[in-house]
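This report concerns only the one structure given below.
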Amino acid sequence: MQDALRGIAGIGSTKTLVEEENRQSPGAQTQYPASAFYNQSDSFNYVKTPTPSAPPLPPKPITAEYENIVRPSPAPPALPPLPPKIRDEPQIEAPRKTNESAPKLPPKILKQEREIESEAASTTEGGMPLRYLYLPQSLQEDFLRIAQTNTSKNIETCGILCGSLKSNILRVTTMIIPRQSGTPDSCTTENEEELFEYQDKHELLTFGWVHTHPSQSCFLSSLDLHTHCSYQIMLPEAVAIVCAPKHDPSYGIFRLTDPPGLPLIMNCKAEGAFHPHPDEPIYTDTHNDTGHVRIRDYAYEIVDLRG
C-alpha cells in the first residue's frame, strides 16, 4: 500500500522519492517549488508569515529637566533703516547765481493792519473790553460836504453810522443821512421808520452818529451826552463824532466814560435840553493810541434819505 501511495506528498519516505527521481533524471538539479509549499494532507500552509513591524514608540514626555534647557533664541528680524534726523537749525541755502533774480518778498503786515480777533482793542474805565471800530478815512470830508448847505445857514446836520461785524471787528460801511430838522445847536431826526426799514433791509448795525457844530467848538453838549447815551447803552463801542469846521480841533470822536459818564447820564433827571452836569470826566476821546477806533482807507456807501 505504501507503494501505491508513494506519489502522494507527505506519504511514505521523502528520501526514497527523491532518490527515485534522481535515478530517472541523472545530472538534473533538484527543483524546489517557487510557490509556497502546501501540505495536502493536513491543509496547513507552511509559509512563514512575516512578523508584523512593531508600532512606533510614543514621544518621550518632556520632563522638567528638558524644559530647563536653555535653547538658543532665533535671531530677531532686521529692523528697517531709520529716517534721517530733522535738524532744528535752518538749512543753509546754496548761494544763488548772480544771473538769477531773487523773488520779490511780500509786503510786511503792520500790527495796526492785523488786529487779532481775540485781542481787545481797548477797555472801558471799568475794565470791560472794547472791540475795534473801523471808520473810513474820508468820512469827515464827505460829511462836511453834504452838510455844507446847512452849515452855511448855521444849522446842524446829523448822520447815522452803520456797518457790519466781521472777525470781531466793527466796520462802518454806510453813512445814512436821515430826514431831519435842525437849529444852530441841535438836530432832530424825522421819519425814523424809514431809517430803520433801510437798516433792516440791508442788515446794517448801528455804530453811532455824526453831527456838525456850525459855529461852536468841538465838544459834546449836555444834549449831545443824552443823545449819545442811548447809542452806547445798546453798543459799548458806539461813538459820537463832532465836526466843527470853524474851530481847531475841527474833528472829534467821543464815547461816554464807564464809569462815571454812562451811569451818570443814565441816572440824570435834570429837565431841559441844556443843563449842567457834575464836573467829572463824563466823556473821552477814542481815536488816540489808547482808544478802540481806527481810521482806515476803504470805500463805503453814503445814503441820503432826505430826497
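To be explicit about the labels: the chains of the C-alpha cells are called A, B, and onward in the order shown, and within each one the residues are counted from 1, while ligands get numbers from 1 in the order they are shown.
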
message: Give me the residues near Leu235 in chain A as a ChimeraX atom specification, where near means some atom within 10 Å (using only C-alpha atoms) and where sequence neighbours in that chain fewer than 6 positions away do not count.
response: /A:130,205-208,229

Would you kindly return, as a short mmCIF file (atom, residue, chain, number, x, y, z; two decimals) with N, CA and C atoms, in the first residue's frame, each protein, DNA or RNA residue with an atom no farther than 6 Å from any atom of Val172 in chain A, considering only C-alpha atoms and excluding same-chain residues fewer than 2 positions away?
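Result file out21.cif:
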```cif
data_model
loop_
_atom_site.label_atom_id
_atom_site.label_comp_id
_atom_site.auth_asym_id
_atom_site.auth_seq_id
_atom_site.Cartn_x
_atom_site.Cartn_y
_atom_site.Cartn_z
N LEU A 135 -13.35 153.19 10.94
CA LEU A 135 -14.04 154.31 10.28
C LEU A 135 -13.32 154.62 8.97
N CYS A 162 -23.49 153.24 10.22
CA CYS A 162 -23.94 151.84 10.19
C CYS A 162 -22.86 150.96 9.59
N GLY A 163 -22.96 149.68 9.87
CA GLY A 163 -21.97 148.77 9.32
C GLY A 163 -22.22 147.33 9.70
N THR A 174 -21.58 152.16 5.92
CA THR A 174 -22.62 153.03 5.35
C THR A 174 -22.86 154.21 6.29
#
```

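Backbone DSSP over range 217-287 of chain A yields helix (DSSP H, G or I) at Ser222, Leu223, Asp224, Leu225, His226, Thr227, His228, Cys229, Ser230, Tyr231, Gln232, Ile233, Met234, Gly261, Leu262, Pro263, Leu264, Ile265 and Met266 of chain A.
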
query: So what do you get for CA of Asn267 in chain A versus CA of Leu220 in chain A, distance-wise?
result: 17.8 Å

field: A:Thr149, A:Gln199, A:Ser230, A:Gln216 ranked by distance to Val242 in chain A, top pick (using only C-alpha atoms)
entry: A:Gln216

field: Neighbour list for Gly126 in chain A as a PyMOL selection string, cut-off 9 Å, only C-alpha atoms, skip fewer than 6 positions in-chain
entry: chain A and resi 257-260

Restricted to N, CA, C and O atoms, what would the selected residues look like written as a tab-separated table (two decimals), in the first residue's frame?
```tsv
chain	number	residue	atom	x	y	z
A	257	THR	N	-17.47	157.88	29.29
A	257	THR	CA	-16.67	157.04	30.18
A	257	THR	C	-17.60	156.09	30.94
A	257	THR	O	-18.77	156.38	31.15
A	258	ASP	N	-17.03	154.94	31.32
A	258	ASP	CA	-17.87	153.93	32.00
A	258	ASP	C	-17.03	153.17	33.02
A	258	ASP	O	-16.35	152.20	32.66
A	259	PRO	N	-17.14	153.56	34.29
A	259	PRO	CA	-17.77	154.78	34.81
A	259	PRO	C	-16.80	155.97	34.68
A	259	PRO	O	-15.68	155.76	34.25
A	260	PRO	N	-17.22	157.18	35.01
A	260	PRO	CA	-18.50	157.55	35.62
A	260	PRO	C	-19.55	158.05	34.63
A	260	PRO	O	-20.72	158.18	34.98
```

task: Using DSSP on the backbone coordinates, identify the residues of range 233-291 of chain A assigned to strand (DSSP E); present them as a list in words.
output: Val239, Ala240, Ile241, Val242, Cys243, Tyr251, Gly252, Ile253, Phe254, Arg255, Leu256, Tyr283, Thr284 and Asp285 of chain A

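In this comparison, which uses only C-alpha atoms, the residue of A:Val239, A:Ile253, A:Ile233, A:Cys187 approaching Leu161 in chain A most closely is A:Val239.
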
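Using only C-alpha atoms, the smallest distance between any of A:Pro184, A:Gln148, A:Arg131, A:Lys201 and Ala238 in chain A comes from A:Arg131.
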
- request: Name all residues at most 12 Å from Asn288 in chain A (count only C-alpha atoms; drop same-chain ones fewer than 2 positions away) and give them as a PyMOL selection string.
  value: chain A and resi 121-122+252-254+284-286+290-295
